[in-house]
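K.L.:
My structure file entry12.cif, mmCIF, C-alpha atoms and all ligand atoms, is below:
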```cif
data_my_file
#
loop_
_atom_site.label_atom_id
_atom_site.label_comp_id
_atom_site.auth_asym_id
_atom_site.auth_seq_id
_atom_site.Cartn_x
_atom_site.Cartn_y
_atom_site.Cartn_z
CA MET A 1412 -79.95 86.08 -115.04
CA ALA A 1413 -81.99 83.27 -116.58
CA LEU A 1414 -81.00 81.07 -113.61
CA VAL A 1415 -82.79 83.54 -111.31
CA ILE A 1416 -85.71 84.72 -113.45
CA VAL A 1417 -86.52 81.48 -115.31
CA GLU A 1418 -85.24 78.78 -112.93
CA GLY A 1419 -86.02 80.61 -109.66
CA LYS A 1420 -82.52 80.21 -108.15
CA SER A 1421 -81.24 82.79 -105.72
CA LEU A 1422 -78.80 85.30 -107.20
CA THR A 1423 -76.13 84.17 -104.73
CA ASP A 1424 -76.48 80.53 -105.86
CA ALA A 1425 -76.58 81.54 -109.54
CA LEU A 1426 -73.39 83.60 -109.19
CA GLU A 1427 -71.68 80.77 -107.28
CA GLU A 1428 -72.40 78.62 -110.34
CA ILE A 1429 -71.37 81.16 -112.98
CA LEU A 1430 -68.47 83.18 -111.55
CA PRO A 1431 -65.93 80.33 -111.19
CA LYS A 1432 -66.22 79.78 -114.97
CA ILE A 1433 -64.99 83.35 -115.66
CA PRO A 1434 -61.17 83.45 -115.59
CA ARG A 1435 -60.38 87.15 -115.13
CA ASP A 1436 -61.08 89.05 -111.84
CA ILE A 1437 -62.14 92.15 -113.71
CA ASP A 1438 -64.73 90.26 -115.79
CA ARG A 1439 -66.08 88.48 -112.71
CA ALA A 1440 -66.52 91.83 -110.95
CA PHE A 1441 -68.30 93.24 -114.04
CA VAL A 1442 -70.70 90.28 -114.29
CA GLN A 1443 -71.47 90.48 -110.57
CA ALA A 1444 -72.17 94.23 -110.73
CA LEU A 1445 -74.31 93.75 -113.84
CA CYS A 1446 -76.41 90.97 -112.31
CA PHE A 1447 -76.93 92.70 -108.96
CA GLY A 1448 -77.72 96.01 -110.64
CA MET A 1449 -80.14 94.61 -113.17
CA THR A 1450 -81.93 92.63 -110.46
CA ARG A 1451 -82.13 95.72 -108.26
CA TRP A 1452 -83.64 97.81 -111.05
CA TYR A 1453 -85.57 95.00 -112.79
CA PHE A 1454 -89.07 96.40 -112.29
CA ARG A 1455 -88.06 99.87 -113.55
CA LEU A 1456 -86.15 98.51 -116.55
CA ASP A 1457 -88.94 96.08 -117.42
CA PHE A 1458 -91.45 98.96 -117.44
CA ILE A 1459 -89.19 100.92 -119.81
CA LEU A 1460 -88.67 97.89 -122.07
CA ARG A 1461 -92.44 97.41 -122.32
CA GLN A 1462 -92.80 101.02 -123.50
CA LEU A 1463 -90.19 100.31 -126.18
CA THR A 1464 -91.68 97.05 -127.46
CA PRO A 1465 -95.41 97.26 -128.25
CA LYS A 1466 -95.47 93.45 -128.47
CA PRO A 1467 -93.75 91.76 -125.49
CA ILE A 1468 -90.49 89.95 -126.36
CA ARG A 1469 -91.47 86.29 -126.00
CA TYR A 1470 -87.96 84.81 -126.00
CA GLU A 1471 -86.79 85.14 -122.42
CA GLU A 1472 -83.08 85.11 -123.28
CA VAL A 1473 -83.55 87.99 -125.71
CA ARG A 1474 -85.73 89.95 -123.26
CA LEU A 1475 -83.14 89.53 -120.49
CA LEU A 1476 -80.32 90.68 -122.77
CA ALA A 1477 -82.34 93.77 -123.73
CA LEU A 1478 -82.80 94.50 -119.99
CA LEU A 1479 -79.06 94.05 -119.38
CA GLY A 1480 -78.40 96.49 -122.23
CA LEU A 1481 -80.79 99.04 -120.74
CA TYR A 1482 -79.18 98.60 -117.32
CA GLN A 1483 -75.73 99.34 -118.73
CA LEU A 1484 -76.99 102.43 -120.58
CA GLU A 1485 -78.79 103.88 -117.57
CA TYR A 1486 -76.73 102.82 -114.57
CA MET A 1487 -73.20 101.77 -115.54
CA ARG A 1488 -70.20 103.75 -116.56
CA VAL A 1489 -69.94 101.78 -119.79
CA LYS A 1490 -69.55 103.74 -123.03
CA PRO A 1491 -73.04 103.75 -124.64
CA HIS A 1492 -71.85 102.46 -128.02
CA ALA A 1493 -70.01 99.60 -126.25
CA ALA A 1494 -73.12 98.76 -124.19
CA VAL A 1495 -75.22 98.52 -127.36
CA SER A 1496 -72.72 96.61 -129.49
CA GLU A 1497 -71.74 94.15 -126.71
CA THR A 1498 -75.40 93.44 -125.92
CA VAL A 1499 -76.24 92.87 -129.58
CA SER A 1500 -73.23 90.62 -130.11
CA ALA A 1501 -74.17 88.60 -126.99
CA LEU A 1502 -77.29 87.51 -128.91
CA GLY A 1503 -74.95 85.19 -130.86
CA ASP A 1504 -76.72 83.24 -133.58
CA LYS A 1505 -80.16 84.72 -132.82
CA LEU A 1506 -79.77 86.88 -135.89
CA TRP A 1507 -83.46 87.78 -136.01
CA ALA A 1508 -83.22 89.41 -132.56
CA LYS A 1509 -80.22 91.63 -133.29
CA PRO A 1510 -82.05 94.44 -135.16
CA LEU A 1511 -84.81 94.36 -132.53
CA VAL A 1512 -82.49 94.76 -129.53
CA ASN A 1513 -80.34 97.27 -131.38
CA ALA A 1514 -83.45 99.37 -132.16
CA VAL A 1515 -84.73 99.13 -128.57
CA LEU A 1516 -81.44 100.31 -127.06
CA ARG A 1517 -80.97 103.13 -129.59
CA ARG A 1518 -84.52 104.33 -129.09
CA PHE A 1519 -83.94 104.35 -125.33
CA GLN A 1520 -80.94 106.61 -125.87
CA ARG A 1521 -83.03 108.99 -128.00
CA GLU A 1522 -86.16 109.03 -125.81
CA ARG A 1523 -84.55 108.54 -122.40
CA ALA A 1524 -85.97 111.65 -120.68
CA HIS A 1525 -89.53 110.90 -121.81
CA LEU A 1526 -89.27 107.21 -120.83
CA LEU A 1527 -87.87 108.00 -117.38
CA ALA A 1528 -90.68 110.53 -116.83
CA LEU A 1529 -93.21 107.83 -117.73
CA ALA A 1530 -91.52 105.42 -115.31
CA ASP A 1531 -91.72 108.04 -112.56
CA ARG A 1532 -95.50 108.08 -112.94
CA ASP A 1533 -95.75 104.32 -112.32
CA GLU A 1534 -95.36 103.17 -108.70
CA SER A 1535 -93.74 99.80 -109.42
CA ALA A 1536 -91.29 101.40 -111.87
CA THR A 1537 -90.53 104.33 -109.54
CA PHE A 1538 -89.56 102.11 -106.61
CA SER A 1539 -88.51 99.10 -108.68
CA HIS A 1540 -90.55 96.70 -106.53
CA PRO A 1541 -93.49 94.46 -107.49
CA ASP A 1542 -96.91 96.02 -106.84
CA TRP A 1543 -97.99 93.38 -104.32
CA LEU A 1544 -94.90 93.97 -102.17
CA ILE A 1545 -95.31 97.75 -102.32
CA GLY A 1546 -98.88 97.19 -101.10
CA LYS A 1547 -97.73 95.01 -98.17
CA ILE A 1548 -94.98 97.40 -97.10
CA ARG A 1549 -97.36 100.38 -97.37
CA LYS A 1550 -99.91 98.53 -95.23
CA SER A 1551 -97.32 97.75 -92.53
CA TRP A 1552 -95.72 101.23 -92.62
CA PRO A 1553 -98.21 103.82 -93.94
CA ARG A 1554 -95.90 106.75 -93.06
CA GLN A 1555 -92.48 105.30 -93.91
CA TRP A 1556 -93.19 103.05 -96.93
CA GLU A 1557 -91.62 105.33 -99.56
CA THR A 1558 -88.37 105.79 -97.60
CA ILE A 1559 -88.23 102.02 -96.99
CA LEU A 1560 -88.61 101.28 -100.70
CA GLU A 1561 -86.05 103.91 -101.73
CA ARG A 1562 -83.49 102.62 -99.23
CA ALA A 1563 -84.09 99.03 -100.35
CA ASN A 1564 -82.49 100.06 -103.67
CA TRP A 1565 -79.38 101.56 -102.07
CA GLN A 1566 -76.07 99.70 -102.06
CA PRO A 1567 -75.52 98.39 -98.51
CA PRO A 1568 -72.21 98.82 -96.69
CA MET A 1569 -69.92 95.85 -96.12
CA THR A 1570 -70.03 95.33 -92.35
CA LEU A 1571 -67.74 93.17 -90.24
CA ARG A 1572 -68.05 91.54 -86.83
CA VAL A 1573 -64.80 91.40 -84.92
CA ASN A 1574 -64.27 88.21 -82.92
CA LEU A 1575 -63.72 89.83 -79.51
CA ARG A 1576 -62.26 86.57 -78.20
CA GLN A 1577 -59.31 87.10 -80.51
CA GLY A 1578 -58.80 90.88 -80.12
CA SER A 1579 -60.45 94.24 -79.61
CA ARG A 1580 -62.33 96.25 -82.22
CA THR A 1581 -59.83 99.11 -81.81
CA ASP A 1582 -56.93 96.76 -82.58
CA TYR A 1583 -58.75 95.36 -85.61
CA LEU A 1584 -59.47 98.88 -86.92
CA GLY A 1585 -55.70 99.43 -86.64
CA SER A 1586 -54.98 96.26 -88.68
CA LEU A 1587 -57.45 97.42 -91.36
CA ALA A 1588 -55.78 100.85 -91.51
CA GLU A 1589 -52.37 99.17 -91.93
CA SER A 1590 -53.83 97.17 -94.85
CA GLY A 1591 -55.12 100.39 -96.44
CA ILE A 1592 -58.79 99.51 -95.79
CA VAL A 1593 -60.84 102.54 -94.71
CA ALA A 1594 -63.33 101.65 -91.96
CA HIS A 1595 -65.18 103.03 -88.96
CA PRO A 1596 -66.84 101.52 -85.88
CA CYS A 1597 -70.57 100.78 -86.05
CA LEU A 1598 -72.93 102.84 -83.89
CA PHE A 1599 -74.68 100.14 -81.85
CA ALA A 1600 -72.94 96.75 -82.18
CA ALA A 1601 -69.85 96.67 -79.96
CA SER A 1602 -68.08 94.30 -82.38
CA GLY A 1603 -69.22 95.99 -85.62
CA ILE A 1604 -67.07 97.73 -88.21
CA SER A 1605 -68.38 99.31 -91.40
CA LEU A 1606 -66.09 99.51 -94.45
CA GLU A 1607 -66.02 102.54 -96.75
CA ALA A 1608 -65.93 100.22 -99.76
CA PRO A 1609 -66.36 96.46 -100.09
CA VAL A 1610 -63.25 94.28 -100.28
CA SER A 1611 -62.74 90.54 -100.80
CA VAL A 1612 -62.77 88.55 -97.54
CA GLU A 1613 -59.30 87.22 -98.41
CA SER A 1614 -57.91 90.74 -98.02
CA LEU A 1615 -59.28 91.10 -94.47
CA PRO A 1616 -56.52 90.57 -91.88
CA GLY A 1617 -57.01 87.29 -89.97
CA PHE A 1618 -60.21 86.31 -91.81
CA ALA A 1619 -59.01 82.76 -92.44
CA LYS A 1620 -58.41 82.30 -88.68
CA GLY A 1621 -61.78 83.70 -87.61
CA ALA A 1622 -60.59 87.13 -86.42
CA VAL A 1623 -63.51 88.65 -88.26
CA SER A 1624 -66.73 87.70 -90.09
CA VAL A 1625 -68.99 89.53 -92.51
CA GLN A 1626 -72.34 90.37 -90.86
CA ASP A 1627 -74.69 93.34 -90.95
CA GLU A 1628 -74.85 95.44 -87.79
CA ALA A 1629 -78.55 94.64 -87.22
CA ALA A 1630 -77.77 90.90 -87.16
CA GLN A 1631 -74.96 91.56 -84.65
CA LEU A 1632 -77.51 92.72 -82.08
CA ALA A 1633 -78.95 89.22 -81.55
CA ALA A 1634 -76.20 87.79 -79.32
CA GLY A 1635 -76.35 90.70 -76.85
CA LEU A 1636 -80.13 90.34 -76.49
CA LEU A 1637 -79.68 86.75 -75.27
CA LYS A 1638 -78.02 87.95 -72.01
CA LEU A 1639 -75.70 84.96 -72.01
CA GLU A 1640 -74.27 83.70 -68.73
CA PRO A 1641 -71.66 81.10 -67.76
CA GLY A 1642 -72.65 77.45 -68.04
CA GLN A 1643 -75.85 78.08 -70.00
CA ARG A 1644 -77.22 75.57 -72.50
CA VAL A 1645 -77.97 77.57 -75.65
CA LEU A 1646 -80.02 76.57 -78.69
CA ASP A 1647 -79.61 78.42 -81.98
CA VAL A 1648 -82.59 77.41 -84.15
CA CYS A 1649 -82.58 78.02 -87.90
CA ALA A 1650 -78.87 78.56 -87.53
CA ALA A 1651 -77.35 78.15 -91.00
CA PRO A 1652 -74.97 79.47 -92.26
CA GLY A 1653 -74.02 80.09 -88.65
CA GLY A 1654 -73.38 83.84 -88.44
CA LYS A 1655 -75.18 84.13 -85.13
CA THR A 1656 -73.93 80.76 -83.81
CA LEU A 1657 -70.39 82.03 -84.18
CA HIS A 1658 -71.27 85.31 -82.53
CA ILE A 1659 -72.81 83.47 -79.53
CA LEU A 1660 -69.63 81.41 -79.14
CA GLU A 1661 -67.41 84.46 -79.62
CA SER A 1662 -69.37 86.34 -76.92
CA ARG A 1663 -68.44 83.92 -74.10
CA SER A 1664 -65.95 81.09 -73.73
CA ASP A 1665 -67.72 79.68 -70.64
CA LEU A 1666 -71.10 78.59 -72.03
CA GLY A 1667 -72.25 75.07 -71.15
CA GLU A 1668 -73.22 73.86 -74.60
CA VAL A 1669 -74.30 75.43 -77.87
CA VAL A 1670 -76.58 73.45 -80.20
CA ALA A 1671 -77.16 74.75 -83.73
CA VAL A 1672 -80.16 73.34 -85.66
CA ASP A 1673 -81.15 73.81 -89.28
CA ILE A 1674 -83.29 71.84 -91.70
CA ALA A 1675 -81.05 72.34 -94.75
CA ALA A 1676 -78.21 69.81 -94.80
CA GLU A 1677 -76.25 71.73 -97.47
CA ARG A 1678 -76.40 74.89 -95.37
CA LEU A 1679 -75.18 73.01 -92.28
CA VAL A 1680 -71.92 72.41 -94.13
CA LYS A 1681 -71.45 76.20 -94.08
CA ILE A 1682 -71.95 76.29 -90.27
CA LYS A 1683 -69.27 73.62 -89.88
CA GLU A 1684 -66.88 75.53 -92.19
CA ASN A 1685 -67.47 78.75 -90.24
CA LEU A 1686 -66.92 77.01 -86.88
CA ALA A 1687 -63.70 75.43 -88.17
CA ARG A 1688 -62.45 78.79 -89.49
CA ALA A 1689 -62.82 80.34 -86.02
CA SER A 1690 -61.73 77.14 -84.17
CA LEU A 1691 -65.04 77.13 -82.25
CA ASP A 1692 -67.23 74.21 -81.31
CA ALA A 1693 -70.99 73.57 -81.31
CA SER A 1694 -73.26 70.55 -81.75
CA VAL A 1695 -74.65 70.87 -85.25
CA VAL A 1696 -77.98 69.11 -85.87
CA CYS A 1697 -79.93 68.68 -89.11
CA ALA A 1698 -83.60 68.68 -88.11
CA ASP A 1699 -86.99 70.28 -88.55
CA ALA A 1700 -87.26 72.76 -85.69
CA ALA A 1701 -91.06 72.55 -85.89
CA ASN A 1702 -90.86 68.91 -84.77
CA THR A 1703 -88.79 68.47 -81.59
CA GLY A 1704 -89.74 64.79 -81.35
CA THR A 1705 -87.18 63.82 -83.98
CA TRP A 1706 -84.05 65.16 -82.27
CA TRP A 1707 -84.47 66.73 -78.82
CA ASP A 1708 -83.06 64.80 -75.84
CA GLY A 1709 -85.61 66.38 -73.45
CA LYS A 1710 -83.03 68.58 -71.63
CA PRO A 1711 -84.34 72.18 -71.59
CA PHE A 1712 -82.33 75.14 -72.87
CA ASP A 1713 -81.61 78.31 -70.86
CA ARG A 1714 -81.40 80.45 -73.95
CA ILE A 1715 -82.92 80.01 -77.41
CA LEU A 1716 -82.28 82.15 -80.46
CA LEU A 1717 -84.93 81.63 -83.14
CA ASP A 1718 -83.77 83.42 -86.29
CA ALA A 1719 -86.92 82.43 -88.13
CA PRO A 1720 -87.23 81.73 -91.88
CA CYS A 1721 -88.94 84.86 -93.21
CA SER A 1722 -89.77 86.98 -96.24
CA ALA A 1723 -86.33 88.67 -95.93
CA THR A 1724 -88.01 91.97 -96.83
CA GLY A 1725 -85.53 93.75 -94.55
CA VAL A 1726 -82.52 92.67 -96.58
CA ILE A 1727 -83.68 93.43 -100.13
CA ARG A 1728 -80.79 95.90 -100.51
CA ARG A 1729 -78.38 92.94 -100.07
CA HIS A 1730 -80.54 90.41 -101.93
CA PRO A 1731 -82.50 92.28 -104.63
CA ASP A 1732 -83.55 88.94 -106.15
CA ILE A 1733 -86.07 88.66 -103.28
CA LYS A 1734 -88.23 91.11 -105.28
CA LEU A 1735 -88.34 88.60 -108.13
CA LEU A 1736 -88.42 85.31 -106.24
CA ARG A 1737 -90.86 86.00 -103.41
CA GLN A 1738 -94.58 85.56 -104.25
CA PRO A 1739 -97.60 86.88 -102.31
CA LYS A 1740 -98.66 83.38 -101.25
CA ASP A 1741 -95.24 82.80 -99.62
CA ILE A 1742 -95.94 85.26 -96.83
CA SER A 1743 -98.85 83.41 -95.21
CA LYS A 1744 -96.92 80.12 -95.51
CA LEU A 1745 -93.93 81.71 -93.76
CA VAL A 1746 -96.14 83.15 -91.01
CA ASP A 1747 -97.54 79.66 -90.41
CA LEU A 1748 -94.05 78.08 -90.36
CA GLN A 1749 -92.78 80.73 -87.92
CA ARG A 1750 -95.80 80.09 -85.67
CA ARG A 1751 -95.16 76.32 -85.69
CA ILE A 1752 -91.41 76.64 -85.02
CA LEU A 1753 -91.93 79.16 -82.21
CA ALA A 1754 -94.55 76.93 -80.52
CA SER A 1755 -92.24 73.93 -80.88
CA VAL A 1756 -89.07 75.54 -79.48
CA TRP A 1757 -91.11 77.04 -76.64
CA THR A 1758 -91.49 73.52 -75.22
CA MET A 1759 -87.68 73.26 -75.01
CA LEU A 1760 -87.19 76.45 -72.98
CA GLU A 1761 -86.25 76.18 -69.29
CA LYS A 1762 -88.50 78.02 -66.77
CA ASP A 1763 -87.22 81.63 -66.48
CA GLY A 1764 -85.23 81.00 -69.66
CA LEU A 1765 -85.16 83.48 -72.54
CA ILE A 1766 -86.08 83.19 -76.21
CA VAL A 1767 -85.00 85.81 -78.70
CA TYR A 1768 -87.28 85.74 -81.76
CA ALA A 1769 -85.66 87.41 -84.77
CA THR A 1770 -86.50 87.97 -88.42
CA CYS A 1771 -84.95 90.02 -91.20
CA SER A 1772 -88.48 90.99 -92.23
CA ILE A 1773 -90.22 94.35 -92.01
CA LEU A 1774 -93.75 92.93 -92.36
CA LYS A 1775 -95.82 93.19 -89.20
CA GLU A 1776 -97.53 89.82 -89.69
CA GLU A 1777 -94.15 88.06 -89.34
CA ASN A 1778 -93.10 90.20 -86.39
CA GLU A 1779 -95.19 92.05 -83.83
CA THR A 1780 -98.46 90.37 -84.89
CA GLN A 1781 -96.78 86.95 -84.75
CA ILE A 1782 -95.63 87.65 -81.18
CA ALA A 1783 -99.05 89.03 -80.15
CA THR A 1784 -100.69 85.81 -81.41
CA PHE A 1785 -98.11 83.70 -79.57
CA LEU A 1786 -98.62 85.54 -76.27
CA GLN A 1787 -102.37 85.06 -76.54
CA ALA A 1788 -102.00 81.33 -77.12
CA HIS A 1789 -99.34 80.79 -74.39
CA PRO A 1790 -100.40 82.04 -70.96
CA ASP A 1791 -97.03 80.91 -69.51
CA ALA A 1792 -95.18 83.34 -71.82
CA ARG A 1793 -94.24 86.88 -70.83
CA GLU A 1794 -92.53 89.46 -72.98
CA VAL A 1795 -89.18 90.84 -71.78
CA PRO A 1796 -88.91 94.40 -73.15
CA ILE A 1797 -85.93 95.41 -75.26
CA GLU A 1798 -84.41 98.65 -74.05
CA SER A 1799 -82.20 99.84 -76.87
CA ALA A 1800 -80.80 102.91 -78.54
CA TRP A 1801 -81.55 101.35 -81.95
CA GLY A 1802 -84.77 100.66 -83.85
CA SER A 1803 -88.27 101.57 -82.70
CA PRO A 1804 -90.21 99.90 -79.90
CA ARG A 1805 -93.40 98.27 -81.19
CA PRO A 1806 -96.45 97.02 -79.27
CA HIS A 1807 -94.39 93.83 -79.08
CA GLY A 1808 -90.64 93.74 -79.75
CA CYS A 1809 -88.46 96.23 -81.56
CA GLN A 1810 -88.23 96.95 -85.30
CA ILE A 1811 -85.33 98.28 -87.35
CA LEU A 1812 -86.52 99.42 -90.78
CA SER A 1813 -84.31 98.71 -93.80
CA GLY A 1814 -81.54 101.28 -94.11
CA GLU A 1815 -82.32 102.87 -90.71
CA ASP A 1816 -78.99 104.00 -89.19
CA GLY A 1817 -77.31 102.16 -92.07
CA MET A 1818 -78.60 98.77 -90.89
CA ASP A 1819 -80.58 95.97 -92.51
CA GLY A 1820 -84.27 95.71 -91.61
CA PHE A 1821 -84.56 93.42 -88.58
CA TYR A 1822 -87.09 92.57 -85.90
CA TYR A 1823 -86.39 91.31 -82.38
CA ALA A 1824 -88.66 90.23 -79.53
CA ARG A 1825 -87.81 88.51 -76.22
CA LEU A 1826 -89.96 86.08 -74.29
CA THR A 1827 -89.51 84.31 -70.99
CA LYS A 1828 -91.34 81.32 -69.50
CA CYS A 1829 -93.18 81.94 -66.22
CA HIS A 1830 -93.64 79.38 -63.44
C1 LIG A 1901 -82.65 83.58 -91.63
S1 LIG A 1901 -81.89 82.09 -92.04
C2 LIG A 1901 -80.85 81.84 -90.67
C3 LIG A 1901 -79.59 82.67 -90.62
C4 LIG A 1901 -78.68 82.27 -89.47
N1 LIG A 1901 -79.36 82.32 -88.19
C5 LIG A 1901 -77.42 83.12 -89.39
O1 LIG A 1901 -77.33 84.05 -88.58
O2 LIG A 1901 -76.47 82.84 -90.15
C6 LIG A 1901 -83.19 80.95 -91.77
C7 LIG A 1901 -82.80 79.49 -91.74
O3 LIG A 1901 -83.95 78.74 -91.36
C8 LIG A 1901 -83.79 77.43 -91.86
N2 LIG A 1901 -85.07 76.73 -91.73
C9 LIG A 1901 -86.20 76.90 -92.45
N3 LIG A 1901 -87.18 76.08 -92.02
C10 LIG A 1901 -86.67 75.37 -90.98
C11 LIG A 1901 -87.19 74.36 -90.10
N4 LIG A 1901 -88.45 73.93 -90.23
N5 LIG A 1901 -86.37 73.85 -89.17
C12 LIG A 1901 -85.09 74.28 -89.05
N6 LIG A 1901 -84.54 75.22 -89.84
C13 LIG A 1901 -85.32 75.78 -90.79
C14 LIG A 1901 -83.29 77.69 -93.27
O4 LIG A 1901 -82.65 76.52 -93.79
C15 LIG A 1901 -82.35 78.87 -93.06
O5 LIG A 1901 -81.02 78.42 -92.93
#
```
Could you render the structure from this file as structure tokens?
Ligand SMILES: C[S@@+](CC[C@H](N)C(=O)[O-])C[C@H]1O[C@@H](n2cnc3c(N)ncnc32)[C@H](O)[C@@H]1O
P.N.:
Amino acid sequence: MALVIVEGKSLTDALEEILPKIPRDIDRAFVQALCFGMTRWYFRLDFILRQLTPKPIRYEEVRLLALLGLYQLEYMRVKPHAAVSETVSALGDKLWAKPLVNAVLRRFQRERAHLLALADRDESATFSHPDWLIGKIRKSWPRQWETILERANWQPPMTLRVNLRQGSRTDYLGSLAESGIVAHPCLFAASGISLEAPVSVESLPGFAKGAVSVQDEAAQLAAGLLKLEPGQRVLDVCAAPGGKTLHILESRSDLGEVVAVDIAAERLVKIKENLARASLDASVVCADAANTGTWWDGKPFDRILLDAPCSATGVIRRHPDIKLLRQPKDISKLVDLQRRILASVWTMLEKDGLIVYATCSILKEENETQIATFLQAHPDAREVPIESAWGSPRPHGCQILSGEDGMDGFYYARLTKCH
């Protein structure tokens, strides 16, 4: 947890570093559940810890272990005496901290009802989100903010995208049933399957050959919105790790060319791995999408998908570390970056071509307000409405709120270039 809270790494990166060092499957699964759970409930647990320690614990390692102990006592099916003794013994040679953490955890057990009631009177502790983010979400969604925050703490389903070039969804559901994996088709995405319980990707039939990928249903809606046609030149901007690039290629075998651009070289490796797994081909370019001068050959694109870097406030249920890592000042920087990338890729769009602008954010400034500003500044741009059974139409584009119909929070808008 120190890698995330002290060093500011993402939880996914931190676990990629830690988990391979743990030999047994069962211990790896426990550590993963502990880290995700504690991150999800960090703001509630931290409130409780502060009630239990009149003077804040200054040693971060000790504070984090106390939080992990509280998490086990409140949320895990670990025997309480084991949770306390294991947490205290994890303090190792910090002998001075052992009585302190022991006392904190035992007092929590004794005063649990009172402490939880106190937490329920504090907004940040109730929803386990930082105050600034609660404020932003409330401002964007004055009627729905509480439901959004509650659902952001739910465990998301594991959702798959079937590669329809390799077989039908019905056939793949059959293969899952034969493997004893309980699953059902998604409501809106024609290629989507939701699993009853998560499984390792290795146990998914045909995963290694690209028969299926892991992707939330909301993200699976992007490819359909592009209205792809034979021979088209397609640009996927901000493409890594390539979930939507693969989906574009899986949607049609007769596209002219697909170019995938991302600024992060290490993430481009993941696009290449994903393409190789599914035996699909795209031109993969490492470049700053806000600066076309460095890489564009001047040939316009018929279709552009811009899956913009964003606050990721729609996917907090999958990445609870966002609540810890994101800072208020990040939002205006992201809005500016999105504006610059959108203006830049606009110059690469063919007349009558189509751009799909997407974010996994639920904040209006990154979504409908961003598009409104763009339309005002670009008289040659016209919005193409999204007619869908999912999400809610907004003054511009369409918004899915986190957890709505079981999906991640996502925003989509479509723009075309007039003559
Ligand atoms: C939301 S993620 C993309 C997810 C991807 N489209 C998918 O479906 O797998 C946003 C991506 O934007 C990239 N990015 C951020 N700033 C960029 C820039 N200036 N130019 C190009 N890519 C950028 C990040 O490296 C990150 O991979």
K.L.:
Dump the neighbourhood of ligand LIG 1901 (chain A) as an NGL selection string: all residues within 9 Å, distances computed on only C-alpha atoms and all ligand atoms.
P.N.:
:A and (1626 or 1630-1631 or 1633 or 1647-1658 or 1672-1679 or 1682 or 1697-1702 or 1716-1721 or 1723 or 1745 or 1748-1749 or 1751-1752 or 1769-1771)
K.L.:
Could you please take those selected residues and save C-alpha atoms as a CSV table (one decimal), in the frame of the given file?
P.N.:
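Saved result, again_11.csv, follows:
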```csv
chain,number,residue,atom,x,y,z
A,1626,GLN,CA,-72.3,90.4,-90.9
A,1630,ALA,CA,-77.8,90.9,-87.2
A,1631,GLN,CA,-75.0,91.6,-84.6
A,1633,ALA,CA,-79.0,89.2,-81.6
A,1647,ASP,CA,-79.6,78.4,-82.0
A,1648,VAL,CA,-82.6,77.4,-84.2
A,1649,CYS,CA,-82.6,78.0,-87.9
A,1650,ALA,CA,-78.9,78.6,-87.5
A,1651,ALA,CA,-77.4,78.2,-91.0
A,1652,PRO,CA,-75.0,79.5,-92.3
A,1653,GLY,CA,-74.0,80.1,-88.6
A,1654,GLY,CA,-73.4,83.8,-88.4
A,1655,LYS,CA,-75.2,84.1,-85.1
A,1656,THR,CA,-73.9,80.8,-83.8
A,1657,LEU,CA,-70.4,82.0,-84.2
A,1658,HIS,CA,-71.3,85.3,-82.5
A,1672,VAL,CA,-80.2,73.3,-85.7
A,1673,ASP,CA,-81.2,73.8,-89.3
A,1674,ILE,CA,-83.3,71.8,-91.7
A,1675,ALA,CA,-81.0,72.3,-94.8
A,1676,ALA,CA,-78.2,69.8,-94.8
A,1677,GLU,CA,-76.2,71.7,-97.5
A,1678,ARG,CA,-76.4,74.9,-95.4
A,1679,LEU,CA,-75.2,73.0,-92.3
A,1682,ILE,CA,-72.0,76.3,-90.3
A,1697,CYS,CA,-79.9,68.7,-89.1
A,1698,ALA,CA,-83.6,68.7,-88.1
A,1699,ASP,CA,-87.0,70.3,-88.6
A,1700,ALA,CA,-87.3,72.8,-85.7
A,1701,ALA,CA,-91.1,72.6,-85.9
A,1702,ASN,CA,-90.9,68.9,-84.8
A,1716,LEU,CA,-82.3,82.2,-80.5
A,1717,LEU,CA,-84.9,81.6,-83.1
A,1718,ASP,CA,-83.8,83.4,-86.3
A,1719,ALA,CA,-86.9,82.4,-88.1
A,1720,PRO,CA,-87.2,81.7,-91.9
A,1721,CYS,CA,-88.9,84.9,-93.2
A,1723,ALA,CA,-86.3,88.7,-95.9
A,1745,LEU,CA,-93.9,81.7,-93.8
A,1748,LEU,CA,-94.0,78.1,-90.4
A,1749,GLN,CA,-92.8,80.7,-87.9
A,1751,ARG,CA,-95.2,76.3,-85.7
A,1752,ILE,CA,-91.4,76.6,-85.0
A,1769,ALA,CA,-85.7,87.4,-84.8
A,1770,THR,CA,-86.5,88.0,-88.4
A,1771,CYS,CA,-85.0,90.0,-91.2
```
K.L.:
Have a look at atom CA of A:Pro1467 and atom CA of A:Lys1740 and let me know their distance in Å, one decimal.
P.N.:
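Atom-to-atom, atom CA of A:Pro1467 and atom CA of A:Lys1740 are spaced 26.1 Å apart.
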K.L.:
Excluding stretch 1815-1818 of chain A and any residue of its chain fewer than 3 positions from it, enumerate the residues within 6 Å of it, using only C-alpha atoms, and give them as a PyMOL selection string.
P.N.:
chain A and resi 1628-1629+1812
K.L.:
Go through A:Val1696, A:Met1487, A:Glu1471, A:Ile1429 one by one, measure the shortest atom-to-atom distance of each to A:Ala1508 using all atoms listed in the file, and give the residue with the smallest value.
P.N.:
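Counting all atoms listed in the file, the residue closest to A:Ala1508 is A:Glu1471.
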K.L.:
I'd like the interatomic distance between atom CA of A:Ile1766 and atom CA of A:Phe1821, to a tenth of an Å.
P.N.:
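Computing the Euclidean distance for atom CA of A:Ile1766 and atom CA of A:Phe1821 yields 16.1 Å.
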K.L.:
When you write stretch 1591-1595 of chain A out from the block above, keep C-alpha atoms and present the result as a CSV table (one decimal), in the first residue's frame, please.
P.N.:
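Printed below is decode.csv as written:
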```csv
chain,number,residue,atom,x,y,z
A,1591,GLY,CA,-18.1,-24.4,-15.6
A,1592,ILE,CA,-18.0,-20.6,-15.8
A,1593,VAL,CA,-21.4,-19.0,-15.1
A,1594,ALA,CA,-22.1,-16.1,-17.5
A,1595,HIS,CA,-24.8,-14.1,-19.2
```
